[in-house]
file start.pdb (PDB, C-alpha atoms)
ATOM      1  CA  MET X 185       0.000   0.000   0.000
ATOM      2  CA  MET X 186       2.940   2.358   0.637
ATOM      3  CA  VAL X 187       4.117   1.908  -2.956
ATOM      4  CA  THR X 188       0.592   2.770  -4.133
ATOM      5  CA  TYR X 189       0.700   5.945  -2.044
ATOM      6  CA  ILE X 190       4.054   6.990  -3.532
ATOM      7  CA  PHE X 191       2.841   6.262  -7.066
ATOM      8  CA  SER X 192      -0.331   8.296  -6.401
ATOM      9  CA  MET X 193       1.750  11.230  -5.175
ATOM     10  CA  CYS X 194       3.789  11.063  -8.390
ATOM     11  CA  VAL X 195       0.559  11.403 -10.368
ATOM     12  CA  ALA X 196      -1.329  13.850  -8.134
ATOM     13  CA  LEU X 197       1.381  16.448  -7.505
ATOM     14  CA  PRO X 198       2.026  17.453 -11.151
ATOM     15  CA  ILE X 199      -1.726  17.639 -11.831
ATOM     16  CA  THR X 200      -2.607  19.699  -8.761
ATOM     17  CA  LEU X 201       0.404  21.998  -8.966
ATOM     18  CA  PHE X 202      -0.086  22.778 -12.654
ATOM     19  CA  PRO X 203      -2.883  25.379 -12.106
ATOM     20  CA  VAL X 204      -0.660  27.185  -9.588
ATOM     21  CA  TYR X 205       2.162  27.195 -12.134
ATOM     22  CA  LEU X 206      -0.163  28.669 -14.785
ATOM     23  CA  LEU X 207      -1.410  31.398 -12.439
ATOM     24  CA  ASN X 208       2.170  32.407 -11.728
ATOM     25  CA  ARG X 209       3.190  32.315 -15.405
ATOM     26  CA  ALA X 210       0.196  34.510 -16.248
ATOM     27  CA  LYS X 211       1.370  36.929 -13.514
ATOM     28  CA  LEU X 212      -1.949  36.600 -11.696
ATOM     29  CA  ILE X 213      -0.069  35.629  -8.543
ATOM     30  CA  ASN X 214       3.466  36.557  -7.507
ATOM     31  CA  ARG X 215       6.269  34.219  -6.513
ATOM     32  CA  VAL X 216       5.501  34.297  -2.775
ATOM     33  CA  GLN X 217       1.828  33.561  -3.411
ATOM     34  CA  LYS X 218       2.834  30.696  -5.705
ATOM     35  CA  GLU X 219       5.077  29.194  -3.010
ATOM     36  CA  LYS X 220       2.426  29.446  -0.291
ATOM     37  CA  MET X 221      -0.255  27.959  -2.539
ATOM     38  CA  SER X 222       2.081  25.153  -3.641
ATOM     39  CA  LEU X 223       2.833  24.313  -0.007
ATOM     40  CA  LYS X 224      -0.877  23.988   0.739
ATOM     41  CA  VAL X 225      -1.386  21.844  -2.372
ATOM     42  CA  GLY X 226       1.490  19.550  -1.364
ATOM     43  CA  GLN X 227       0.097  19.221   2.161
ATOM     44  CA  PHE X 228      -3.396  18.519   0.819
ATOM     45  CA  CYS X 229      -2.199  15.792  -1.562
ATOM     46  CA  SER X 230      -0.004  14.112   1.021
ATOM     47  CA  ARG X 231      -2.693  14.232   3.713
ATOM     48  CA  TRP X 232      -5.602  12.927   1.633
ATOM     49  CA  LEU X 233      -3.639  10.259  -0.185
ATOM     50  CA  MET X 234      -2.498   8.905   3.189
ATOM     51  CA  ARG X 235      -6.162   8.666   4.101
ATOM     52  CA  ALA X 236      -6.949   6.918   0.812
ATOM     53  CA  PHE X 237      -4.022   4.503   1.253
ATOM     54  CA  PRO X 238      -3.596   4.122   5.047
ATOM     55  CA  PHE X 239      -0.302   2.253   5.101
ATOM     56  CA  ALA X 240       0.757   3.780   8.444
ATOM     57  CA  ARG X 241      -0.776   4.162  11.892
ATOM     58  CA  LYS X 242      -0.016   7.773  12.806
ATOM     59  CA  ARG X 243       0.323   9.185  16.332
ATOM     60  CA  VAL X 244       0.813  12.934  16.779
ATOM     61  CA  VAL X 245       1.809  14.183  20.237
ATOM     62  CA  VAL X 246       1.406  17.909  20.892
ATOM     63  CA  ASN X 247       0.801  20.266  23.804
ATOM     64  CA  GLU X 248      -2.536  21.860  22.927
ATOM     65  CA  ASN X 249      -1.899  24.798  25.262
ATOM     66  CA  ASP X 250       1.494  25.644  23.723
ATOM     67  CA  GLU X 251       1.487  29.392  23.089
ATOM     68  CA  ASN X 252       3.226  29.044  19.733
ATOM     69  CA  ARG X 253       0.488  26.665  18.617
ATOM     70  CA  ILE X 254      -2.308  29.018  19.678
ATOM     71  CA  ASN X 255      -0.637  32.213  18.493
ATOM     72  CA  PRO X 256       2.230  31.234  16.130
ATOM     73  CA  GLN X 257       5.302  33.455  16.099
ATOM     74  CA  PRO X 258       8.280  33.375  13.695
ATOM     75  CA  CYS X 259      10.328  30.291  14.476
ATOM     76  CA  ILE X 260      13.114  27.962  13.344
ATOM     77  CA  TRP X 261      11.854  24.354  13.319
ATOM     78  CA  VAL X 262      14.268  21.434  13.715
ATOM     79  CA  CYS X 263      13.562  17.725  13.269
ATOM     80  CA  ASN X 264      15.462  14.448  13.200
ATOM     81  CA  HIS X 265      15.801  12.603   9.888
ATOM     82  CA  ILE X 266      15.095   8.863   9.739
ATOM     83  CA  SER X 267      13.582   8.067   6.322
ATOM     84  CA  LEU X 268      12.915   9.295   2.799
ATOM     85  CA  LEU X 269       9.266   9.427   3.902
ATOM     86  CA  ASP X 270       9.944  12.208   6.410
ATOM     87  CA  LEU X 271       9.018  15.067   4.075
ATOM     88  CA  PHE X 272       5.690  13.514   3.071
ATOM     89  CA  PHE X 273       4.654  12.850   6.667
ATOM     90  CA  VAL X 274       5.666  16.330   7.798
ATOM     91  CA  LEU X 275       3.520  17.778   4.998
ATOM     92  CA  ALA X 276       0.573  15.458   5.675
ATOM     93  CA  LEU X 277       0.553  16.000   9.451
ATOM     94  CA  ASP X 278       1.502  19.680   9.545
ATOM     95  CA  LYS X 279      -1.981  20.867  10.531
ATOM     96  CA  ARG X 280      -2.107  18.434  13.448
ATOM     97  CA  MET X 281       1.493  19.190  14.375
ATOM     98  CA  ARG X 282       1.594  22.986  14.277
ATOM     99  CA  GLY X 283      -2.114  23.845  14.451
ATOM    100  CA  LYS X 284      -4.624  25.411  12.096
ATOM    101  CA  ASN X 285      -3.062  28.879  12.529
ATOM    102  CA  ARG X 286       0.413  27.678  11.506
ATOM    103  CA  ARG X 287       2.712  29.948   9.540
ATOM    104  CA  PRO X 288       3.969  28.992   6.042
ATOM    105  CA  ILE X 289       7.302  27.203   6.123
ATOM    106  CA  LYS X 290      10.304  26.663   3.860
ATOM    107  CA  ILE X 291      12.389  23.557   4.392
ATOM    108  CA  LEU X 292      16.100  23.185   3.717
ATOM    109  CA  TYR X 293      16.647  20.025   1.673
ATOM    110  CA  TRP X 294      19.479  18.052   0.086
ATOM    111  CA  LYS X 295      19.885  19.220  -3.511
ATOM    112  CA  GLY X 296      20.377  15.621  -4.615
ATOM    113  CA  LEU X 297      16.619  15.092  -4.191
ATOM    114  CA  GLU X 298      16.183  17.092  -7.390
ATOM    115  CA  SER X 299      17.316  14.034  -9.357
ATOM    116  CA  ASN X 300      13.757  12.805  -8.811
ATOM    117  CA  PRO X 301      11.437  14.915 -10.999
ATOM    118  CA  ILE X 302       8.524  14.761  -8.531
ATOM    119  CA  THR X 303      10.464  15.885  -5.458
ATOM    120  CA  ARG X 304      12.181  18.489  -7.639
ATOM    121  CA  LEU X 305       8.776  19.824  -8.739
ATOM    122  CA  LEU X 306       7.450  19.966  -5.183
ATOM    123  CA  CYS X 307      10.561  21.586  -3.692
ATOM    124  CA  LYS X 308      10.911  24.150  -6.482
ATOM    125  CA  MET X 309       7.227  25.116  -6.493
ATOM    126  CA  CYS X 310       7.198  25.522  -2.692
ATOM    127  CA  GLY X 311      10.412  27.542  -2.791
ATOM    128  CA  PHE X 312      12.206  25.125  -0.475
ATOM    129  CA  ILE X 313      15.900  25.885  -0.046
ATOM    130  CA  PRO X 314      18.538  23.458  -1.437
ATOM    131  CA  VAL X 315      21.762  22.551   0.337
ATOM    132  CA  ASP X 316      24.528  21.065  -1.797
ATOM    133  CA  MET X 317      26.044  17.988  -0.170
ATOM    134  CA  ALA X 318      27.973  14.992  -1.474
ATOM    135  CA  ASP X 319      26.019  11.764  -2.047
ATOM    136  CA  ASN X 320      28.339   9.672   0.107
ATOM    137  CA  GLY X 321      25.782   7.343   1.685
ATOM    138  CA  ASN X 322      23.598   7.570   4.763
ATOM    139  CA  GLY X 323      25.359   7.176   8.084
ATOM    140  CA  THR X 324      28.647   8.712   6.926
ATOM    141  CA  ALA X 325      30.021  12.183   7.626
ATOM    142  CA  ASN X 326      28.339  14.974   5.662
ATOM    143  CA  GLU X 327      30.427  16.692   2.980
ATOM    144  CA  TYR X 328      28.934  20.091   2.209
ATOM    145  CA  ASP X 329      29.896  22.281  -0.716
ATOM    146  CA  PRO X 330      31.010  25.563   0.918
ATOM    147  CA  LYS X 331      30.287  27.421  -2.328
ATOM    148  CA  SER X 332      26.554  26.750  -1.898
ATOM    149  CA  PHE X 333      26.367  28.320   1.580
ATOM    150  CA  LYS X 334      26.226  31.893   0.323
ATOM    151  CA  GLN X 335      23.172  31.229  -1.861
ATOM    152  CA  MET X 336      21.549  29.153   0.882
ATOM    153  CA  LEU X 337      21.934  31.974   3.412
ATOM    154  CA  LYS X 338      20.662  34.511   0.888
ATOM    155  CA  SER X 339      17.566  32.396   0.179
ATOM    156  CA  THR X 340      16.965  31.816   3.881
ATOM    157  CA  LYS X 341      17.184  35.527   4.700
ATOM    158  CA  ARG X 342      14.732  36.316   1.918
ATOM    159  CA  ALA X 343      12.312  33.635   3.158
ATOM    160  CA  ILE X 344      12.476  35.081   6.673
ATOM    161  CA  GLU X 345      11.806  38.588   5.375
ATOM    162  CA  GLU X 346       8.823  37.259   3.402
ATOM    163  CA  GLY X 347       7.183  35.784   6.493
ATOM    164  CA  PHE X 348       8.128  32.110   6.270
ATOM    165  CA  ASP X 349       9.221  29.903   9.118
ATOM    166  CA  ILE X 350      12.349  27.838   8.393
ATOM    167  CA  GLY X 351      12.576  24.074   8.833
ATOM    168  CA  LEU X 352      15.764  22.036   8.763
ATOM    169  CA  LEU X 353      17.199  18.641   9.658
ATOM    170  CA  PRO X 354      20.316  19.159  11.815
ATOM    171  CA  GLU X 355      21.613  15.637  11.126
ATOM    172  CA  GLY X 356      21.826  16.466   7.427
ATOM    173  CA  GLN X 357      20.956  12.985   6.131
ATOM    174  CA  PRO X 358      18.712  10.029   7.076
ATOM    175  CA  ASN X 359      19.840   8.143  10.157
ATOM    176  CA  PRO X 360      20.036   4.370   9.506
ATOM    177  CA  THR X 361      20.170   3.558  13.240
ATOM    178  CA  PRO X 362      17.856   5.956  15.159
ATOM    179  CA  GLU X 363      17.438   3.344  17.897
ATOM    180  CA  ARG X 364      21.053   4.113  18.864
ATOM    181  CA  GLY X 365      20.491   7.866  19.035
ATOM    182  CA  LEU X 366      21.129  10.680  16.591
ATOM    183  CA  GLN X 367      23.910  11.105  14.075
ATOM    184  CA  PRO X 368      26.267  14.082  14.601
ATOM    185  CA  VAL X 369      24.113  17.187  14.988
ATOM    186  CA  TYR X 370      25.223  20.260  13.059
ATOM    187  CA  PRO X 371      24.700  23.712  14.611
ATOM    188  CA  GLY X 372      23.279  25.420  11.503
ATOM    189  CA  ALA X 373      19.890  25.901  13.175
ATOM    190  CA  PHE X 374      21.535  27.867  15.972
ATOM    191  CA  THR X 375      23.297  30.079  13.421
ATOM    192  CA  LEU X 376      20.035  30.773  11.576
ATOM    193  CA  ALA X 377      18.178  31.423  14.824
ATOM    194  CA  LYS X 378      20.847  33.846  15.995
ATOM    195  CA  MET X 379      20.898  35.587  12.620
ATOM    196  CA  SER X 380      17.106  35.974  12.498
ATOM    197  CA  LYS X 381      16.611  36.504  16.253
ATOM    198  CA  ARG X 382      14.085  33.666  16.318
ATOM    199  CA  PRO X 383      13.572  30.843  18.827
ATOM    200  CA  ILE X 384      14.150  27.209  17.916
ATOM    201  CA  GLN X 385      11.340  24.682  18.324
ATOM    202  CA  MET X 386      11.889  20.917  18.113
ATOM    203  CA  ILE X 387      10.040  18.085  16.359
ATOM    204  CA  ALA X 388      10.852  14.372  16.710
ATOM    205  CA  LEU X 389       9.934  11.556  14.294
ATOM    206  CA  TYR X 390       9.752   7.886  15.204
ATOM    207  CA  GLY X 391       9.240   4.650  13.256
ATOM    208  CA  LEU X 392       9.389   5.771   9.617
ATOM    209  CA  HIS X 393      12.715   4.007   9.012
ATOM    210  CA  ARG X 394      10.835   0.718   9.460
ATOM    211  CA  MET X 395       8.670   1.580   6.449
ATOM    212  CA  TRP X 396      11.326   3.008   4.121
ATOM    213  CA  HIS X 397      14.789   2.432   5.510
ATOM    214  CA  PRO X 398      17.739   4.730   4.685
ATOM    215  CA  ASP X 399      19.877   1.654   4.072
ATOM    216  CA  GLU X 400      19.386   0.836   0.383
ATOM    217  CA  THR X 401      19.907  -2.882   1.070
ATOM    218  CA  ILE X 402      16.719  -2.773   3.194
ATOM    219  CA  GLY X 403      14.802  -0.030   1.370
ATOM    220  CA  MET X 404      11.020  -0.420   1.249
ATOM    221  CA  GLU X 405      10.837  -3.687   3.190
ATOM    222  CA  CYS X 406       8.094  -2.400   5.505
ATOM    223  CA  SER X 407       8.501  -4.179   8.853
ATOM    224  CA  HIS X 408       6.156  -2.028  10.942
ATOM    225  CA  ARG X 409       3.215   0.308  10.375
ATOM    226  CA  ASP X 410       3.412   2.457  13.512
ATOM    227  CA  MET X 411       4.926   5.926  13.393
ATOM    228  CA  ALA X 412       4.807   8.874  15.772
ATOM    229  CA  VAL X 413       5.691  12.540  15.732
ATOM    230  CA  ARG X 414       6.259  14.719  18.771
ATOM    231  CA  VAL X 415       6.094  18.522  18.649
ATOM    232  CA  TYR X 416       7.823  19.986  21.686
ATOM    233  CA  PRO X 417       6.505  23.181  23.270
ATOM    234  CA  LYS X 418       8.501  26.128  24.512
ATOM    235  CA  GLY X 419      10.626  27.100  21.569
ATOM    236  CA  ARG X 420      13.472  29.162  22.966
ATOM    237  CA  VAL X 421      16.622  31.073  22.192
ATOM    238  CA  TYR X 422      19.766  29.086  22.979
ATOM    239  CA  GLY X 423      22.870  30.648  24.443
ATOM    240  CA  SER X 424      25.348  28.651  22.380
ATOM    241  CA  ALA X 425      25.553  26.142  19.551
ATOM    242  CA  GLU X 426      26.622  23.430  21.979
ATOM    243  CA  GLU X 427      23.620  24.063  24.204
ATOM    244  CA  PHE X 428      21.325  23.576  21.214
ATOM    245  CA  THR X 429      23.016  20.424  19.880
ATOM    246  CA  THR X 430      23.191  18.825  23.344
ATOM    247  CA  THR X 431      19.523  19.582  24.046
ATOM    248  CA  PHE X 432      18.455  18.310  20.615
ATOM    249  CA  GLU X 433      20.423  15.080  21.075
ATOM    250  CA  ALA X 434      18.913  14.451  24.510
ATOM    251  CA  VAL X 435      15.277  15.319  23.776
ATOM    252  CA  VAL X 436      14.760  14.382  20.119
ATOM    253  CA  GLY X 437      17.227  11.505  20.277
ATOM    254  CA  GLU X 438      15.190   9.853  23.034
ATOM    255  CA  PHE X 439      11.887  10.070  21.169
ATOM    256  CA  GLY X 440      13.461   9.079  17.856
ATOM    257  CA  ALA X 441      14.887   5.938  19.466
ATOM    258  CA  HIS X 442      11.942   4.806  21.591
ATOM    259  CA  GLY X 443       8.831   6.722  20.514
ATOM    260  CA  LYS X 444       8.388   8.250  23.948
ATOM    261  CA  ASP X 445       9.644  11.244  25.898
ATOM    262  CA  LEU X 446      12.235  11.499  28.609
ATOM    263  CA  PRO X 447      10.790  11.399  32.151
ATOM    264  CA  GLU X 448       8.586  14.469  32.629
ATOM    265  CA  ASP X 449      10.815  16.308  35.113
ATOM    266  CA  GLU X 450      13.955  15.702  33.054
ATOM    267  CA  LEU X 451      12.223  16.769  29.840
ATOM    268  CA  GLU X 452      11.001  19.992  31.448
ATOM    269  CA  MET X 453      14.537  20.781  32.611
ATOM    270  CA  TRP X 454      15.918  20.309  29.087
ATOM    271  CA  LEU X 455      13.181  22.458  27.574
ATOM    272  CA  ASN X 456      13.576  25.350  30.014
ATOM    273  CA  GLY X 457      17.387  25.264  29.911
ATOM    274  CA  SER X 458      18.016  24.342  33.553
ATOM    275  CA  MET X 459      19.407  20.925  32.610
ATOM    276  CA  TRP X 460      22.062  22.625  30.470
ATOM    277  CA  GLN X 461      23.086  24.742  33.460
ATOM    278  CA  THR X 462      23.322  21.550  35.494
ATOM    279  CA  GLU X 463      25.454  20.016  32.756
ATOM    280  CA  LEU X 464      27.799  23.024  32.772
ATOM    281  CA  LYS X 465      28.212  22.774  36.545
ATOM    282  CA  ARG X 466      28.926  19.054  36.236
ATOM    283  CA  ARG X 467      31.605  19.737  33.612
ATOM    284  CA  GLU X 468      33.114  22.477  35.748
ATOM    285  CA  SER X 469      33.205  20.130  38.724
ATOM    286  CA  LEU X 470      34.921  17.431  36.658
ATOM    287  CA  TRP X 471      37.420  19.981  35.368
ATOM    288  CA  LEU X 472      38.184  21.189  38.906
ATOM    289  CA  ASP X 473      38.547  17.613  40.109
ATOM    290  CA  SER X 474      40.975  16.830  37.286
ATOM    291  CA  GLU X 475      42.913  20.012  38.054
ATOM    292  CA  ASP X 476      43.029  19.028  41.729
ATOM    293  CA  VAL X 477      44.283  15.532  40.890
ATOM    294  CA  GLU X 478      46.927  16.988  38.570
ATOM    295  CA  THR X 479      48.044  19.460  41.229
ATOM    296  CA  ARG X 480      48.316  16.745  43.914
ATOM    297  CA  SER X 481      50.222  14.522  41.522
ATOM    298  CA  ARG X 482      52.610  17.364  40.708
ATOM    299  CA  ASN X 483      53.133  18.154  44.403
ATOM    300  CA  GLU X 484      53.797  14.506  45.187
ATOM    301  CA  SER X 485      56.382  14.397  42.406
ATOM    302  CA  PHE X 486      58.101  17.499  43.813
ATOM    303  CA  THR X 487      58.132  15.939  47.301
ATOM    304  CA  ILE X 488      59.725  12.742  46.006
ATOM    305  CA  GLU X 489      62.399  14.730  44.155
ATOM    306  CA  GLU X 490      63.151  16.806  47.267
ATOM    307  CA  LYS X 491      63.588  13.661  49.352
ATOM    308  CA  ARG X 492      65.971  12.230  46.810
ATOM    309  CA  GLU X 493      68.059  15.410  46.845
ATOM    310  CA  VAL X 494      68.234  15.373  50.655
ATOM    311  CA  SER X 495      69.302  11.736  50.739
TER
END

call {"tool": "encode", "arguments": {"input": "start.pdb", "output": "structure tokens"}}
result
Amino acid sequence: MMVTYIFSMCVALPITLFPVYLLNRAKLINRVQKEKMSLKVGQFCSRWLMRAFPFARKRVVVNENDENRINPQPCIWVCNHISLLDLFFVLALDKRMRGKNRRPIKILYWKGLESNPITRLLCKMCGFIPVDMADNGNGTANEYDPKSFKQMLKSTKRAIEEGFDIGLLPEGQPNPTPERGLQPVYPGAFTLAKMSKRPIQMIALYGLHRMWHPDETIGMECSHRDMAVRVYPKGRVYGSAEEFTTTFEAVVGEFGAHGKDLPEDELEMWLNGSMWQTELKRRESLWLDSEDVETRSRNESFTIEEKREVS
């Protein structure tokens, strides 16, 4: 049934996006209007075709009283990356995830996806922002093309000025082993948030790798139908790139691996930043302990040398 869904998307997207393309070509709508309309069309197709071909059992976990859900403010959204299905599920579930008042969003994506004409059509029509990266296999270190960064930043700044939220995947590529935690997390989201003076809000995906696995030797061997997505409340401004990456690894990594949150008290501490302060104090204590051990060792060495000189 999943293959039927994908095939249906390949048919439905060109047909439904074509009127939007014509309106833009006829200059009846501008580029920004075209991108916003295309996003809604993509979400509509993905959502209704998943209902027509229900190959997955979907669980969406949100905090209904989250202020950014009730009254959305400009934000940088970050999510883990576990499958080639991620984009379609994020589109299909966006209304349930971010609420009916959600702001339009532009997603940073790997430029290599443009080799597929359907994903190229969707990404181009929605004005999503490409990132040039080597196709060196999932689970290996990312190799970005530094020359593409300038255009990526330019496009991102323009999207922010035009009223879009920004979405990105800090791992950079699908994670073949989410049950073991996240891949290395890149701090680009922190840089964008600092540049735009926006908070970062986290999303976690679970289970999609068991439907379409990043490992090409496994591929579409669907072994499970359950997936879940968690939208965390309390988007906030982080003090450093390391604070963001450590928080993302702890919070999103836990849900991505097990489909459930950290214990409530621990989760709240990560979300409000107090756990990071605790972590800094722990590191400082370890550093002081190591310094103390080094000092004692040095003093003992001096004492031994003095005794030898006396004897």

call {"tool": "resolve_selection", "arguments": {"input": "start.pdb", "expression": "the PyMOL selection byres ((chain X and resi 224) around 12)", "output": "NGL selection string"}}
result
:X and (197 or 200-201 or 204 or 217-223 or 225-231 or 275-279 or 286-290 or 306 or 309-310)

call {"tool": "resolve_selection", "arguments": {"input": "start.pdb", "expression": "the PyMOL selection byres ((chain X and resi 187) around 12)", "output": "PDB file with C-alpha atoms, in the coordinates of the input"}}
result
ATOM      1  CA  MET X 185       0.000   0.000   0.000  1.00  0.00           C
ATOM      2  CA  MET X 186       2.940   2.358   0.637  1.00  0.00           C
ATOM      3  CA  THR X 188       0.592   2.770  -4.133  1.00  0.00           C
ATOM      4  CA  TYR X 189       0.700   5.945  -2.044  1.00  0.00           C
ATOM      5  CA  ILE X 190       4.054   6.990  -3.532  1.00  0.00           C
ATOM      6  CA  PHE X 191       2.841   6.262  -7.066  1.00  0.00           C
ATOM      7  CA  SER X 192      -0.331   8.296  -6.401  1.00  0.00           C
ATOM      8  CA  MET X 193       1.750  11.230  -5.175  1.00  0.00           C
ATOM      9  CA  CYS X 194       3.789  11.063  -8.390  1.00  0.00           C
ATOM     10  CA  LEU X 233      -3.639  10.259  -0.185  1.00  0.00           C
ATOM     11  CA  MET X 234      -2.498   8.905   3.189  1.00  0.00           C
ATOM     12  CA  PHE X 237      -4.022   4.503   1.253  1.00  0.00           C
ATOM     13  CA  PRO X 238      -3.596   4.122   5.047  1.00  0.00           C
ATOM     14  CA  PHE X 239      -0.302   2.253   5.101  1.00  0.00           C
ATOM     15  CA  LEU X 269       9.266   9.427   3.902  1.00  0.00           C
ATOM     16  CA  MET X 395       8.670   1.580   6.449  1.00  0.00           C
ATOM     17  CA  TRP X 396      11.326   3.008   4.121  1.00  0.00           C
ATOM     18  CA  GLY X 403      14.802  -0.030   1.370  1.00  0.00           C
ATOM     19  CA  MET X 404      11.020  -0.420   1.249  1.00  0.00           C
ATOM     20  CA  GLU X 405      10.837  -3.687   3.190  1.00  0.00           C
ATOM     21  CA  CYS X 406       8.094  -2.400   5.505  1.00  0.00           C
TER      22      CYS X 406
END

call {"tool": "closest_residue", "arguments": {"input": "start.pdb", "among": "X:Leu353, X:Val369, X:Leu305, X:Met281", "to": "Phe202 in chain X", "atoms": "all atoms listed in the file"}}
result
X:Leu305

call {"tool": "resolve_selection", "arguments": {"input": "start.pdb", "expression": "the PyMOL selection byres ((chain X and resi 380) around 12)", "output": "list of chain:residue names"}}
result
X:Pro258, X:Cys259, X:Ile260, X:Leu337, X:Thr340, X:Lys341, X:Arg342, X:Ala343, X:Ile344, X:Glu345, X:Gly347, X:Phe348, X:Asp349, X:Ile350, X:Ala373, X:Phe374, X:Thr375, X:Leu376, X:Ala377, X:Lys378, X:Met379, X:Lys381, X:Arg382, X:Pro383, X:Ile384, X:Val421

call {"tool": "write_last_selection", "arguments": {"input": "start.pdb", "atoms": "C-alpha atoms", "output": "mmCIF file, in the frame of the given file"}}
result
data_model
loop_
_atom_site.group_PDB
_atom_site.id
_atom_site.type_symbol
_atom_site.label_atom_id
_atom_site.label_comp_id
_atom_site.auth_asym_id
_atom_site.auth_seq_id
_atom_site.Cartn_x
_atom_site.Cartn_y
_atom_site.Cartn_z
ATOM 1 C CA PRO X 258 8.280 33.375 13.695
ATOM 2 C CA CYS X 259 10.328 30.291 14.476
ATOM 3 C CA ILE X 260 13.114 27.962 13.344
ATOM 4 C CA LEU X 337 21.934 31.974 3.412
ATOM 5 C CA THR X 340 16.965 31.816 3.881
ATOM 6 C CA LYS X 341 17.184 35.527 4.700
ATOM 7 C CA ARG X 342 14.732 36.316 1.918
ATOM 8 C CA ALA X 343 12.312 33.635 3.158
ATOM 9 C CA ILE X 344 12.476 35.081 6.673
ATOM 10 C CA GLU X 345 11.806 38.588 5.375
ATOM 11 C CA GLY X 347 7.183 35.784 6.493
ATOM 12 C CA PHE X 348 8.128 32.110 6.270
ATOM 13 C CA ASP X 349 9.221 29.903 9.118
ATOM 14 C CA ILE X 350 12.349 27.838 8.393
ATOM 15 C CA ALA X 373 19.890 25.901 13.175
ATOM 16 C CA PHE X 374 21.535 27.867 15.972
ATOM 17 C CA THR X 375 23.297 30.079 13.421
ATOM 18 C CA LEU X 376 20.035 30.773 11.576
ATOM 19 C CA ALA X 377 18.178 31.423 14.824
ATOM 20 C CA LYS X 378 20.847 33.846 15.995
ATOM 21 C CA MET X 379 20.898 35.587 12.620
ATOM 22 C CA LYS X 381 16.611 36.504 16.253
ATOM 23 C CA ARG X 382 14.085 33.666 16.318
ATOM 24 C CA PRO X 383 13.572 30.843 18.827
ATOM 25 C CA ILE X 384 14.150 27.209 17.916
ATOM 26 C CA VAL X 421 16.622 31.073 22.192
#

call {"tool": "atom_distance", "arguments": {"input": "start.pdb", "atom1": "CA of Ile387 in chain X", "atom2": "CA of Gly365 in chain X"}}
result
14.9 Å

call {"tool": "residues_around", "arguments": {"input": "start.pdb", "residues": "range 360-364 of chain X", "least_positions_apart": "4", "cutoff": "12 Å", "atoms": "only C-alpha atoms", "output": "ChimeraX atom specification"}}
result
/X:264-268,321-324,355,368,388-394,396-403,433-434,436-444

call {"tool": "closest_residue", "arguments": {"input": "start.pdb", "among": "X:Lys331, X:Arg414, X:Lys211, X:Lys308", "to": "Val244 in chain X", "atoms": "only C-alpha atoms"}}
result
X:Arg414

call {"tool": "atom_distance", "arguments": {"input": "start.pdb", "atom1": "CA of Val315 in chain X", "atom2": "CA of Ile199 in chain X"}}
result
26.9 Å

call {"tool": "residues_around", "arguments": {"input": "start.pdb", "residues": "range 415-417 of chain X", "least_positions_apart": "6", "cutoff": "6 Å", "atoms": "all atoms listed in the file", "output": "PDB file with C-alpha atoms, keeping the file's coordinate frame"}}
result
ATOM      1  CA  VAL X 246       1.406  17.909  20.892  1.00  0.00           C
ATOM      2  CA  ASP X 250       1.494  25.644  23.723  1.00  0.00           C
ATOM      3  CA  MET X 386      11.889  20.917  18.113  1.00  0.00           C
ATOM      4  CA  ILE X 387      10.040  18.085  16.359  1.00  0.00           C
TER       5      ILE X 387
END

call {"tool": "closest_residue", "arguments": {"input": "start.pdb", "among": "X:Leu470, X:Val274, X:Leu297, X:Leu292", "to": "Leu352 in chain X", "atoms": "only C-alpha atoms"}}
result
X:Leu292

call {"tool": "residues_near_point", "arguments": {"input": "start.pdb", "point": "(17.5, 18.2, -1.1)", "cutoff": "12 Å", "atoms": "only C-alpha atoms", "output": "mmCIF file with C-alpha atoms, in the frame of the given file"}}
result
data_model
loop_
_atom_site.group_PDB
_atom_site.id
_atom_site.type_symbol
_atom_site.label_atom_id
_atom_site.label_comp_id
_atom_site.auth_asym_id
_atom_site.auth_seq_id
_atom_site.Cartn_x
_atom_site.Cartn_y
_atom_site.Cartn_z
ATOM 1 C CA LEU X 268 12.915 9.295 2.799
ATOM 2 C CA LEU X 271 9.018 15.067 4.075
ATOM 3 C CA ILE X 291 12.389 23.557 4.392
ATOM 4 C CA LEU X 292 16.100 23.185 3.717
ATOM 5 C CA TYR X 293 16.647 20.025 1.673
ATOM 6 C CA TRP X 294 19.479 18.052 0.086
ATOM 7 C CA LYS X 295 19.885 19.220 -3.511
ATOM 8 C CA GLY X 296 20.377 15.621 -4.615
ATOM 9 C CA LEU X 297 16.619 15.092 -4.191
ATOM 10 C CA GLU X 298 16.183 17.092 -7.390
ATOM 11 C CA SER X 299 17.316 14.034 -9.357
ATOM 12 C CA ASN X 300 13.757 12.805 -8.811
ATOM 13 C CA THR X 303 10.464 15.885 -5.458
ATOM 14 C CA ARG X 304 12.181 18.489 -7.639
ATOM 15 C CA LEU X 305 8.776 19.824 -8.739
ATOM 16 C CA LEU X 306 7.450 19.966 -5.183
ATOM 17 C CA CYS X 307 10.561 21.586 -3.692
ATOM 18 C CA LYS X 308 10.911 24.150 -6.482
ATOM 19 C CA GLY X 311 10.412 27.542 -2.791
ATOM 20 C CA PHE X 312 12.206 25.125 -0.475
ATOM 21 C CA ILE X 313 15.900 25.885 -0.046
ATOM 22 C CA PRO X 314 18.538 23.458 -1.437
ATOM 23 C CA VAL X 315 21.762 22.551 0.337
ATOM 24 C CA ASP X 316 24.528 21.065 -1.797
ATOM 25 C CA MET X 317 26.044 17.988 -0.170
ATOM 26 C CA ALA X 318 27.973 14.992 -1.474
ATOM 27 C CA ASP X 319 26.019 11.764 -2.047
ATOM 28 C CA MET X 336 21.549 29.153 0.882
ATOM 29 C CA LEU X 352 15.764 22.036 8.763
ATOM 30 C CA LEU X 353 17.199 18.641 9.658
ATOM 31 C CA GLY X 356 21.826 16.466 7.427
ATOM 32 C CA GLN X 357 20.956 12.985 6.131
ATOM 33 C CA PRO X 358 18.712 10.029 7.076
#
